[in-house]
Every structure is written in structure tokens, then in C-alpha cells.
Amino acid sequence: MSFVATQLGFAYGLHDATFQFPRNGLISIAGPNGAGKSTLLGMMAGLRSPYSGSCTYDGKEIRQWPKREFARKVAFLPQSVRMQFPFTVEEVVLMGRTPYASGWFQTAEDRSAVEDAMTTTDTLAFRARDFRSLSGGEAQRVILASALTQRPEALLLDEPATHLDLRHQLALYKLLGELSKSLLVVAVTHDLNLALRFSHRVMVLEDGRVAADGTAEEVLNPALIARVFGVQATLHGTWMSYEG
Amino acid sequence: MKGSVLLSAAVLVAVLIAAPLAGSSHIELGRAFAGVSPDHEIFFYARLPRVILAMLGGAALSVTGVLFQCMLRDPLAEPYTLGVSSGASVGAVIAICLGWRATGLASLVGAALVLLMVLGMAVEGRRLSSFTLLLTGVTMNSMSFAVILFLHNLASFSQSFAISRWLMGGLESVEYSTLAWLAVVVIGVSALVTANAPQWNLLAVGDDWAASRGISTVRLTTLGYIAGSVLTGLVTSLTGPIGFVGLIVPHALRLKFGADHRVLLPCAFLLGGAFLVACDTLSRTVIAPTEIPVGVLTALCGGPFFLWLLKSRRRSLWL
């Protein structure tokens with residue numbers, strides 16, 4: 001097991017969440033606005049405290065993990081980055097190496113990790129560009145590259161596909177699917193069709209509680225979608241259509 | 001990276017050599033070192049201490065500007081944003097009104113009090129957010145200015161003149177002993193801040209960005225606030241508030257060298273120092289023997305230069 005949560009709660013956002021996540025696979029977290037998805041993801045990333053109940057990674061309570069060591073295990077991707085300063089793409093990616101840095105200068109290992117991550121995410125072509133000049137899709141890939149240089153065991157993504165066009169959404173989820181063979185990928189998403197198609201498991205949150213948890217086919221059925229989202233859904237094999 | 005730091009160092013050295021030789025009366029370096037009067041006195045007692053003060057002041061303000069803009073992720077932040085310098089001003093104005101001679105000491109006490117009050121307000125439990133820091137600092141600024149206006153209103157004519165002069169900011173020759181401890185603190189704090197340069201890079205992107213990469217953001221933000229406040233408070237107590245340096249030097253450097261704090265911080269120290277020395281030299285030579293307040297020159301020289309930089313290599317409106 002990687003993450004194990006028992007009666008996990010946080011302020012007004014989350015109540016009694018209990019689940020166990022494996023060491024690999026792609027897990028989607030879905031649910032209406034305000035259901036506690038981002039809160040949960042932030043807590044798993046060690047960014048929200050204090051929480052009630054228990055949430056462990058590798059058997060150790062998240063608040064007890066040394067931050068630096070935890071950052072080598074778990075990487076977090078925010079929904080978007082509002083960059084104020086002229087960092088280059090390569091500098092942004094290199095920041096992922098911080099949990100391994102021992103000093104002021106990057107090592108040969110840092111450079112090779114950056115090179116690998118940028119190859120995987122297909123971002124080498126604009127490595128010298130100002131991060132703020134990138135399109136939404138390019139920026140998202142650069143942020144992913146930065147997280148990959150942490151060489152994490154688990155990747156937590158907050159609505160990674162929101163700012164992407166259709167082609168980039170599919171490309172990103174294909175890449176996540178590929179990555180999820182060797183590491184745990186947890187992605188908050190509003191796109192049930194992406195969740196249905198790519199994830200091994202879907203967890204649906206409602207009002208800060210786990211409303212459903214299982215394989216995509218088990219969970220994303222019209223009855224549950226009607227109950228949680230208040231939307232009439234029709235399943236057409238591997239995709240769904242909705243009516244208000 | 002090394003290139004830009006070396007270039008900055010070369011510029012600073014050139015400015016430091018040229019500045020003490022320039023002035024209303026012509027002096028020669030050889031005669032000054034040989035102890036020939038009056039070259040010796042003008043060089044060592046009138047000009048050199050002032051040049052060193054300008055160098056340390058410009059360096060401290062620029063480093064603080066880089067730091068505060070980074071921590072607050074606000075391109076408009078400057079050393080005076082977080083309240084410490086207005087605390088220093090209140091201290092100085094009180095000293096002037098009460099007829100104390102230790103204006104510098106009083107302003108130092110004012111700066112320290114504001115530093116402690118802002119920290120006390122902004123630290124909740126073990127959290128400290130740049131947002132509360134910003135709001136607390138801005139509020140302290142407003143309150144300090146209210147106190148200054150009130151005291152100014154009560155002051156006599158000569159006190160009122162002294163208050164205006166102080167608030168304008170300016171460089172004067174100070175004792176070498178004062179310069180020595182100023183140098184120790186400015187260089188020490190700047191070195192400490194620069195040692196954390198890789199972490200500032202992450203904090204400049206965002207709190208969560210830094211925290212999810214293993215950085216203790218509360219510790220780092222607190223360090224940045226205290227370091228910047230000590231630098232600004234000390235310099236302000238000696239020179240009064242000198243505007244523009246801490247706002248524009250960091251932006252000009254980002255335009256030229258990018259956002260990496262490993263380059264930005266050393267260059268801010270070196271070129272910020274050089275910039276203020278150059279402005280001060282102009283301020284005492286252009287219409288000598290009358291002096292132009294150095295704050296007027298930092299804006300008048302720095303402004304057009306910065307606009308030119310902005311135009312010639314625009315990355316975006318906010319650099």
C-alpha cells in the first residue's frame with residue numbers, strides 16, 4: 001500500500017475519508033465542486049494540516065515525514081502556476097531536483113534527470129524559453145516534467161487536463177497511463193469520460209465524504225451520476241453523454 | 001552565470017575607484033595616499049566614507065528588493081513595503097521633535113519595534129503567510145505615516161525642516177567605526193540570503209510549489225522577512241529612506257540576467273551598490289557646491305534607463 005487513510009478529516013472540507021491506494025495504477029478522484037477533491041489531494045501532498053484521523057504513506061503518518069524525504073516519494077502538480085518572474089522552462093524543471101540538492105550547483109545527476117523528464121514530456125524544444133510565454137498545454141507538460149525530476153513513487157495531479165484542448169488531454173492521459181505502470185498516479189478530474197477511459201480506479205467524493213470507490217465501470221454508472229451530480233447520464237460502451 | 005557576477009563585480013570596482021576622485025575640488029589619488037593636505041582629508045574623510053555608505057546602502061536595498069518581490073510574489077514590492085523603514089522614520093521624527101541628537105539610534109529602535117510587531121501579527125501558531133505579512137506591513141506603513149504627519153504638524157519651523165530633510169533621504173559621511181559594523185551586517189546578511197538562493201527560486205513560484213519540493217516555507221519566509229528588515233532598517237537609520245533603488249534594480253537585473261536568484265542576489269548586491277554610488281556621485285557634482293537629494297537622482301537617472309531596458313528587451317509588462 002502507498003496511501004492509507006482512516007477517517008481522514010480536514011476542517012470543513014473533508015470528513016471520515018477511508019481508503020487504501022496501491023503502489024501503481026491511475027486513480028481518478030471525481031465529484032462536484034466543493035466536494036473536497038483538491039483538499040484531499042493537498043493533504044496527501046503534505047500541504048494541508050492539521051488534519052484529523054490518519055493518513056499514512058508507506059506506513060508513516062504524513063505529518064511525521066521529513067519534508068525533504070517525502071518530496072522524493074510524492075510529487076504534487078498544482079492546477080496551474082501563476083508565474084511572476086522570468087524563469088526559463090529548464091529552470092522550472094530543475095526546481096524539481098530540490099529534494100536531492102546538496103548545495104548551490106546542479107550535479108550531473110540533476111542534469112540527466114532534467115533531460116529524462118523533458119524527453120518524456122516532450123518539452124526539450126522550448127527549454128530556453130520564458131515559462132510565461134508557454135501555452136496552457138506546454139506549461140502543463142513543463143510542470144509535469146518538473147514533478148518527474150523528483151523521481152517520485154506517487155504523482156498527485158490537481159485537474160491536470162482543465163486547461164488543455166482535446167488532443168492534449170488525450171496525450172496527457174496516455175502519458176499518465178504509461179507512467180502509472182510503474183508509479184501511483186492520482187488525478188482529480190471533472191472529466192468523467194477521461195476517468196472512464198484511462199483510470200484503473202475511480203473515487204467519487206460528495207460533500208467531503210467518499211460516495212463511491214471502485215473500478216471505473218463499477219463507479220461511473222448512471223444511477224450514481226444522477227445521485228451525486230444531479231445529471232442524467234447515458235453510457236455508450238466506453239463513453240458517456242449527459243443531459244442537464 | 002559566473003560571467004554576469006564577474007561583470008557586475010568589475011562594474012562595482014570601477015565605480016568605487018572613480019567615485020571618490022570625482023567632486024567639486026580636484027584631488028589626486030597619489031597625493032591622498034601620501035597624506036598631502038587637503039587631498040588626504042578630502043579623499044579619506046569627506047568622500048570615501050560616503051562612497052562606502054552608498055555602496056552598502058545600495059547593495060542592501062537592492063538585495064532586499066529582490067527578496068521581498070520574491071517572497072510576496074509581487075513585482076511592486078520594495079524594501080519599504082513591509083513597514084520597517086517607516087518605523088525607522090517614526091523613530092527619527094520623534095527624536096527630532098524631542099530634540100534628541102541620536103536620530104540614527106532612535107530610528108533603529110523604531111525599525112526594530114515595527115519588525116517585531118509585524119512578525120508578531122503575521123505569525124499565527126507556526127504558520128506565516130506572505131499575504132498577512134503584506135497586509136500587516138502596509139498597515140504599519142499607513143499608521144507610521146499618520147504618526148509622522150501628526151508630529152510634523154506639531155513641530156516647530158526648524159524641526160519641520162529637519163523632518164523634511166530626513167524623509168527625503170540622503171548620504172553623508174559617517175564614522176569609519178559605524179561603516180565597519182554596517183559592512184559586517186550587510187555583507188553577512190546578504191551572504192546568508194544568497195546561500196539560500198536555490199530555495200528562493202522555488203518560493204518565487206509559490207508556497208505550495210516550494211513546500212511540495214521539501215522546502216520549509218514558513219522558516220524561509222521568516223528568514224527573508226527578518227533579513228530584509230534588518231538590512232533596510234539599518235540602512236534607513238543612517239540615510240533615511242532612499243526610494244527607487246530597491247524597486248528598479250531588481251527588475252533591471254531580471255531583464256538582463258533572468259530570474260535565477262543564484263545570479264540575481266549577487267548581482268543585486270554588486271550593481272545595486274554601484275548604482276547608488278554613481279547616483280550619489282552625480283548628486284554632489286552636477287550642480288556643485290549645491291547637492292541634489294540622492295533620492296531625486298536615483299529616480300531621475302534610474303527611471304529613463306529602466307524604461308529604455310523595458311523597451312529594448314521587453315519580456316512582458318511585469319518583466
# chains A, B, ... in the order shown; residues from 1 in each chain; ligands from 1
>>> select_by_dssp(residues="region 121-311 of chain B", states="helix (DSSP H, G or I)", output="VMD selection string")
chain B and resid 121 to 122 130 to 154 157 to 168 176 to 195 197 to 205 207 to 211 217 to 239 245 to 257 261 to 285 294 to 311
>>> residues_around(residues="region 47-64 of chain B", least_positions_apart="4", cutoff="8 Å", atoms="only C-alpha atoms", output="mmCIF file with N, CA and C atoms, in the first residue's frame")
data_model
loop_
_atom_site.group_PDB
_atom_site.id
_atom_site.type_symbol
_atom_site.label_atom_id
_atom_site.label_comp_id
_atom_site.auth_asym_id
_atom_site.auth_seq_id
_atom_site.Cartn_x
_atom_site.Cartn_y
_atom_site.Cartn_z
ATOM 1 N N LEU B 16 33.701 52.259 -7.713
ATOM 2 C CA LEU B 16 34.288 52.553 -6.404
ATOM 3 C C LEU B 16 35.604 53.317 -6.534
ATOM 4 N N ALA B 19 34.527 57.052 -8.118
ATOM 5 C CA ALA B 19 33.659 57.951 -7.351
ATOM 6 C C ALA B 19 34.388 58.867 -6.365
ATOM 7 N N PRO B 20 35.340 58.344 -5.561
ATOM 8 C CA PRO B 20 35.957 59.251 -4.573
ATOM 9 C C PRO B 20 36.843 60.300 -5.223
ATOM 10 N N ILE B 42 40.177 65.235 2.114
ATOM 11 C CA ILE B 42 39.002 65.157 1.232
ATOM 12 C C ILE B 42 38.739 63.713 0.836
ATOM 13 N N PHE B 43 39.817 63.014 0.466
ATOM 14 C CA PHE B 43 39.639 61.639 -0.008
ATOM 15 C C PHE B 43 39.171 60.721 1.116
ATOM 16 N N PHE B 68 12.038 40.660 -1.198
ATOM 17 C CA PHE B 68 10.626 40.927 -0.908
ATOM 18 C C PHE B 68 9.756 40.672 -2.144
ATOM 19 N N GLU B 78 8.883 46.421 -2.555
ATOM 20 C CA GLU B 78 10.207 47.040 -2.445
ATOM 21 C C GLU B 78 10.583 47.022 -0.973
ATOM 22 N N PRO B 79 11.810 47.453 -0.643
ATOM 23 C CA PRO B 79 12.233 47.338 0.758
ATOM 24 C C PRO B 79 11.301 48.059 1.725
ATOM 25 N N LEU B 171 22.785 60.890 1.736
ATOM 26 C CA LEU B 171 24.009 60.246 2.192
ATOM 27 C C LEU B 171 24.954 61.306 2.717
ATOM 28 N N GLU B 172 25.503 61.022 3.881
ATOM 29 C CA GLU B 172 26.517 61.911 4.428
ATOM 30 C C GLU B 172 27.657 61.059 4.923
ATOM 31 N N SER B 173 28.804 61.692 5.095
ATOM 32 C CA SER B 173 29.930 60.937 5.613
ATOM 33 C C SER B 173 29.647 60.484 7.028
ATOM 34 N N VAL B 174 29.939 59.214 7.309
ATOM 35 C CA VAL B 174 29.779 58.717 8.679
ATOM 36 C C VAL B 174 31.126 58.191 9.161
ATOM 37 N N GLU B 175 31.191 57.913 10.449
ATOM 38 C CA GLU B 175 32.424 57.413 11.064
ATOM 39 C C GLU B 175 32.817 56.064 10.455
ATOM 40 N N TYR B 176 34.106 55.817 10.383
ATOM 41 C CA TYR B 176 34.550 54.513 9.885
ATOM 42 C C TYR B 176 34.084 53.376 10.779
ATOM 43 N N LEU B 179 30.673 52.523 9.755
ATOM 44 C CA LEU B 179 30.734 51.796 8.483
ATOM 45 C C LEU B 179 31.166 50.356 8.682
ATOM 46 N N LEU B 182 28.291 48.328 9.938
ATOM 47 C CA LEU B 182 27.305 48.253 8.854
ATOM 48 C C LEU B 182 27.755 47.237 7.800
ATOM 49 N N ALA B 183 29.057 47.310 7.465
ATOM 50 C CA ALA B 183 29.589 46.394 6.455
ATOM 51 C C ALA B 183 29.464 44.953 6.920
ATOM 52 N N VAL B 186 25.664 44.040 6.662
ATOM 53 C CA VAL B 186 25.146 43.996 5.287
ATOM 54 C C VAL B 186 25.754 42.831 4.515
ATOM 55 N N SER B 190 23.554 39.515 3.589
ATOM 56 C CA SER B 190 23.439 39.254 2.151
ATOM 57 C C SER B 190 24.004 37.883 1.798
ATOM 58 N N ALA B 227 15.715 39.120 7.472
ATOM 59 C CA ALA B 227 16.931 39.558 6.790
ATOM 60 C C ALA B 227 16.688 40.890 6.074
ATOM 61 N N GLY B 228 15.601 40.955 5.294
ATOM 62 C CA GLY B 228 15.312 42.181 4.552
ATOM 63 C C GLY B 228 15.067 43.352 5.487
ATOM 64 N N SER B 229 14.394 43.091 6.614
ATOM 65 C CA SER B 229 14.078 44.167 7.543
ATOM 66 C C SER B 229 15.329 44.680 8.248
ATOM 67 N N LEU B 231 18.383 44.596 7.026
ATOM 68 C CA LEU B 231 19.131 45.374 6.029
ATOM 69 C C LEU B 231 18.503 46.756 5.851
ATOM 70 N N THR B 232 17.191 46.789 5.615
ATOM 71 C CA THR B 232 16.524 48.062 5.349
ATOM 72 C C THR B 232 16.546 48.971 6.574
ATOM 73 N N VAL B 235 20.109 50.470 7.157
ATOM 74 C CA VAL B 235 20.480 51.463 6.152
ATOM 75 C C VAL B 235 19.617 52.717 6.300
ATOM 76 N N VAL B 245 15.730 52.601 -5.661
ATOM 77 C CA VAL B 245 16.812 51.630 -5.824
ATOM 78 C C VAL B 245 16.287 50.207 -5.662
ATOM 79 N N GLY B 246 15.586 49.984 -4.543
ATOM 80 C CA GLY B 246 15.147 48.633 -4.224
ATOM 81 C C GLY B 246 14.023 48.125 -5.106
ATOM 82 N N LEU B 247 13.376 49.024 -5.825
ATOM 83 C CA LEU B 247 12.294 48.606 -6.719
ATOM 84 C C LEU B 247 12.837 48.293 -8.113
ATOM 85 N N VAL B 249 16.281 48.307 -9.395
ATOM 86 C CA VAL B 249 17.474 47.485 -9.638
ATOM 87 C C VAL B 249 17.104 46.006 -9.810
ATOM 88 N N PRO B 250 16.268 45.435 -8.933
ATOM 89 C CA PRO B 250 15.907 44.026 -9.146
ATOM 90 C C PRO B 250 15.247 43.766 -10.505
ATOM 91 N N LEU B 265 20.833 37.587 -6.784
ATOM 92 C CA LEU B 265 21.212 38.130 -5.481
ATOM 93 C C LEU B 265 22.638 38.701 -5.469
ATOM 94 N N ALA B 268 22.553 41.826 -7.547
ATOM 95 C CA ALA B 268 21.838 42.917 -6.885
ATOM 96 C C ALA B 268 22.752 43.589 -5.869
ATOM 97 N N PHE B 269 23.513 42.792 -5.151
ATOM 98 C CA PHE B 269 24.446 43.354 -4.172
ATOM 99 C C PHE B 269 25.460 44.252 -4.881
ATOM 100 N N LEU B 270 26.088 43.719 -5.941
ATOM 101 C CA LEU B 270 27.189 44.428 -6.600
ATOM 102 C C LEU B 270 26.689 45.636 -7.385
ATOM 103 N N LEU B 271 25.671 45.412 -8.231
ATOM 104 C CA LEU B 271 25.226 46.509 -9.091
ATOM 105 C C LEU B 271 24.329 47.493 -8.352
ATOM 106 N N GLY B 272 23.585 47.016 -7.347
ATOM 107 C CA GLY B 272 22.804 47.932 -6.515
ATOM 108 C C GLY B 272 23.740 48.906 -5.813
ATOM 109 N N GLY B 273 24.851 48.364 -5.300
ATOM 110 C CA GLY B 273 25.861 49.210 -4.674
ATOM 111 C C GLY B 273 26.434 50.207 -5.667
ATOM 112 N N ALA B 274 26.807 49.696 -6.844
ATOM 113 C CA ALA B 274 27.400 50.570 -7.870
ATOM 114 C C ALA B 274 26.419 51.663 -8.292
ATOM 115 N N PHE B 275 25.152 51.306 -8.415
ATOM 116 C CA PHE B 275 24.138 52.262 -8.867
ATOM 117 C C PHE B 275 23.999 53.420 -7.882
ATOM 118 N N LEU B 276 23.929 53.107 -6.587
ATOM 119 C CA LEU B 276 23.741 54.179 -5.615
ATOM 120 C C LEU B 276 24.998 55.040 -5.501
ATOM 121 N N VAL B 277 26.167 54.416 -5.616
ATOM 122 C CA VAL B 277 27.409 55.195 -5.588
ATOM 123 C C VAL B 277 27.423 56.167 -6.771
ATOM 124 N N ASP B 280 24.948 58.954 -6.204
ATOM 125 C CA ASP B 280 25.400 59.884 -5.169
ATOM 126 C C ASP B 280 26.521 60.786 -5.695
#
>>> interface_residues(of="chain B", to="chain A", cutoff="12 Å", atoms="only C-alpha atoms", output="JSON, numbers by chain")
{"B": [1, 2, 66, 69, 70, 71, 72, 73, 74, 75, 76, 125, 126, 127, 194, 195, 196, 197, 198, 199, 200, 201, 202, 203, 204, 205, 206, 207, 208, 209, 210, 211, 212, 213, 214, 215, 216, 217, 250, 251, 252, 253, 254, 255, 256, 257, 258, 259, 260, 261, 262, 263, 264, 314, 315, 316, 317, 318, 319]}
>>> closest_residue(among="A:Val185, A:Ile225, A:Leu194, A:Val142", to="Ala161 (chain A)", atoms="only C-alpha atoms")
A:Leu194
>>> residues_around(residues="region 21-32 of chain B", least_positions_apart="2", cutoff="10 Å", atoms="only C-alpha atoms", output="list in words")
Leu16, Ile17, Ala18, Ala19, Ala34, Gly35, Val36, Ser37, Pro38, Asp39, His40, Glu41, Ile42, Phe43, Phe44, Arg47, Leu48, Thr281, Leu282, Ser283, Arg284, Thr285, Val286, Ile287, Ala288, Pro289 and Thr290 of chain B
>>> write_last_selection(atoms="C-alpha atoms", output="PDB file, in the first residue's frame")
ATOM      1  CA  LEU B  16      34.288  52.553  -6.404  1.00  0.00           C
ATOM      2  CA  ILE B  17      37.622  53.753  -7.787  1.00  0.00           C
ATOM      3  CA  ALA B  18      36.188  56.590  -9.858  1.00  0.00           C
ATOM      4  CA  ALA B  19      33.659  57.951  -7.351  1.00  0.00           C
ATOM      5  CA  ALA B  34      50.881  60.251   0.573  1.00  0.00           C
ATOM      6  CA  GLY B  35      48.995  62.182   3.253  1.00  0.00           C
ATOM      7  CA  VAL B  36      49.260  65.533   1.495  1.00  0.00           C
ATOM      8  CA  SER B  37      46.693  68.040   2.724  1.00  0.00           C
ATOM      9  CA  PRO B  38      43.953  68.720   1.680  1.00  0.00           C
ATOM     10  CA  ASP B  39      43.787  65.785  -0.767  1.00  0.00           C
ATOM     11  CA  HIS B  40      44.237  63.318   2.086  1.00  0.00           C
ATOM     12  CA  GLU B  41      41.384  64.744   4.166  1.00  0.00           C
ATOM     13  CA  ILE B  42      39.002  65.157   1.232  1.00  0.00           C
ATOM     14  CA  PHE B  43      39.639  61.639  -0.008  1.00  0.00           C
ATOM     15  CA  PHE B  44      39.645  59.733   3.282  1.00  0.00           C
ATOM     16  CA  ARG B  47      34.399  61.227   0.131  1.00  0.00           C
ATOM     17  CA  LEU B  48      35.480  57.658   0.827  1.00  0.00           C
ATOM     18  CA  THR B 281      28.488  60.997  -7.076  1.00  0.00           C
ATOM     19  CA  LEU B 282      26.256  62.769  -9.583  1.00  0.00           C
ATOM     20  CA  SER B 283      24.179  64.283  -6.787  1.00  0.00           C
ATOM     21  CA  ARG B 284      27.214  66.027  -5.303  1.00  0.00           C
ATOM     22  CA  THR B 285      28.884  67.043  -8.568  1.00  0.00           C
ATOM     23  CA  VAL B 286      26.204  68.082 -11.070  1.00  0.00           C
ATOM     24  CA  ILE B 287      25.360  71.463  -9.560  1.00  0.00           C
ATOM     25  CA  ALA B 288      28.211  71.627  -7.014  1.00  0.00           C
ATOM     26  CA  PRO B 289      28.561  73.013  -4.418  1.00  0.00           C
ATOM     27  CA  THR B 290      24.789  72.511  -4.036  1.00  0.00           C
TER      28      THR B 290
END
>>> atom_distance(atom1="CA of Gly170 (chain B)", atom2="CA of Ile242 (chain B)")
7.0 Å
>>> atom_distance(atom1="CA of Ala17 (chain A)", atom2="CA of Thr56 (chain A)")
12.7 Å
>>> residues_around(residues="region 196-213 of chain A", least_positions_apart="5", cutoff="6 Å", atoms="only C-alpha atoms", output="list in words")
Gly13, Leu14, His15, Ala17, Leu26, Ile27, Ser28, Ile29, Ala30, Gly31, Ala35 and Gly36 of chain A
>>> write_last_selection(atoms="C-alpha atoms", output="short mmCIF file (atom, residue, chain, number, x, y, z; two decimals), in the first residue's frame")
data_model
loop_
_atom_site.label_atom_id
_atom_site.label_comp_id
_atom_site.auth_asym_id
_atom_site.auth_seq_id
_atom_site.Cartn_x
_atom_site.Cartn_y
_atom_site.Cartn_z
CA GLY A 13 -13.65 20.20 3.53
CA LEU A 14 -13.38 16.51 4.28
CA HIS A 15 -14.99 14.02 6.69
CA ALA A 17 -12.46 9.52 4.32
CA LEU A 26 -4.12 5.51 -12.28
CA ILE A 27 -6.73 6.62 -9.77
CA SER A 28 -9.20 9.38 -10.62
CA ILE A 29 -10.88 11.45 -7.93
CA ALA A 30 -14.17 12.91 -9.15
CA GLY A 31 -17.03 14.79 -7.58
CA ALA A 35 -16.74 18.02 -2.62
CA GLY A 36 -13.24 18.12 -1.13
#
>>> atom_distance(atom1="CA of Met121 (chain B)", atom2="CA of Thr136 (chain B)")
7.1 Å
>>> residues_around(residues="Leu184 (chain A)", least_positions_apart="3", cutoff="8 Å", atoms="only C-alpha atoms", output="list in words")
Pro22, Arg23, Asn24, Gly25, Leu26, Ile27, Glu153, Ala154, Leu155, Ser180 and Lys181 of chain A
